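Written out below as structure tokens is the structure these notes cover.
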Amino acid sequence: VSDLPLLPGKEYSLRVAQPGRVSLASFEIILACDERAVFLQGTDTRTEEVRVWESVLAIEREARAVRGEPFTVDLSFGVPGTAMHSFKAPHNEVQWKLVVQGTTPRRLTFRRVFPLVVYPSPLDEAVS
């Protein structure tokens, strides 16, 4: 990612690279925001997690690395201007993440999650 932490309303560039011989039936990059709540229900502690925002940044079909080069995907993405910032409290959490997932030609799947931090909008931009 071109810059960290992320800010709502800003644009960033991203490079995903996988060295070695790569052959994929499908490949996706997703920017997502999940909200988690922990609460008591009777004597049980329950955890609920909901995806509150998601954007598919890239979808590749039948992807292959060029011989001698890593498989790479370069793209630009933005964090919505109205995005809730990341935070973690004892009973609530908002977590932004990049999800990289795919399937090989033999139908083996993989999924990697990369947590991101989104800061609140600067006060002077939030007011205007």
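Every chain in the structure tokens takes a letter, A first, then B, and so on in the order presented; its residues are numbered from 1, and the ligands are numbered from 1 following the presented order.
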DSSP strand (DSSP E) residues within chain A, listed as a PyMOL selection string: chain A and resi 11-18+23-41+44-64+71-78+87-88+92-103+109-116
Shell of 12 Å around range 59-71 of chain A, only C-alpha atoms, local chain residues under 2 positions omitted, as an MDAnalysis selection string: chainID A and resid 15:30 55:57 73:75 99:105
Surrounding residues of range 76-91 of chain A excluding itself and chain neighbours under 5 positions, 10 Å, only C-alpha atoms, as a ChimeraX atom specification: /A:1-2,6-15,31-40,47,52-53,55-58,96-97,116-121,126
Backbone DSSP call of helix (DSSP H, G or I) for chain A, listed as a list in words: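 Answer for chain A, restricted to helix (DSSP H, G or I): Leu123, Asp124, Glu125, Ala126 and Val127 of chain A.
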Requested write-out: N, CA and C atoms of the selected residues, as a PDB file, in the first residue's frame:
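File written: selection22.pdb
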ATOM      1  N   LEU A 123      -9.989  16.873  11.507  1.00  0.00           N
ATOM      2  CA  LEU A 123     -11.110  17.684  11.978  1.00  0.00           C
ATOM      3  C   LEU A 123     -11.497  18.772  10.990  1.00  0.00           C
ATOM      4  N   ASP A 124     -10.515  19.458  10.385  1.00  0.00           N
ATOM      5  CA  ASP A 124     -10.849  20.568   9.470  1.00  0.00           C
ATOM      6  C   ASP A 124     -11.520  20.058   8.206  1.00  0.00           C
ATOM      7  N   GLU A 125     -11.215  18.856   7.720  1.00  0.00           N
ATOM      8  CA  GLU A 125     -11.879  18.319   6.532  1.00  0.00           C
ATOM      9  C   GLU A 125     -13.248  17.765   6.854  1.00  0.00           C
ATOM     10  N   ALA A 126     -13.441  17.225   8.066  1.00  0.00           N
ATOM     11  CA  ALA A 126     -14.725  16.642   8.455  1.00  0.00           C
ATOM     12  C   ALA A 126     -15.795  17.708   8.590  1.00  0.00           C
ATOM     13  N   VAL A 127     -15.414  18.939   8.981  1.00  0.00           N
ATOM     14  CA  VAL A 127     -16.390  20.008   9.207  1.00  0.00           C
ATOM     15  C   VAL A 127     -16.840  20.616   7.886  1.00  0.00           C
TER      16      VAL A 127
END
Distance of CA of Leu4 in chain A from CA of Glu48 in chain A, expressed in Å to one decimal place: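 A separation of 27.9 Å between them.
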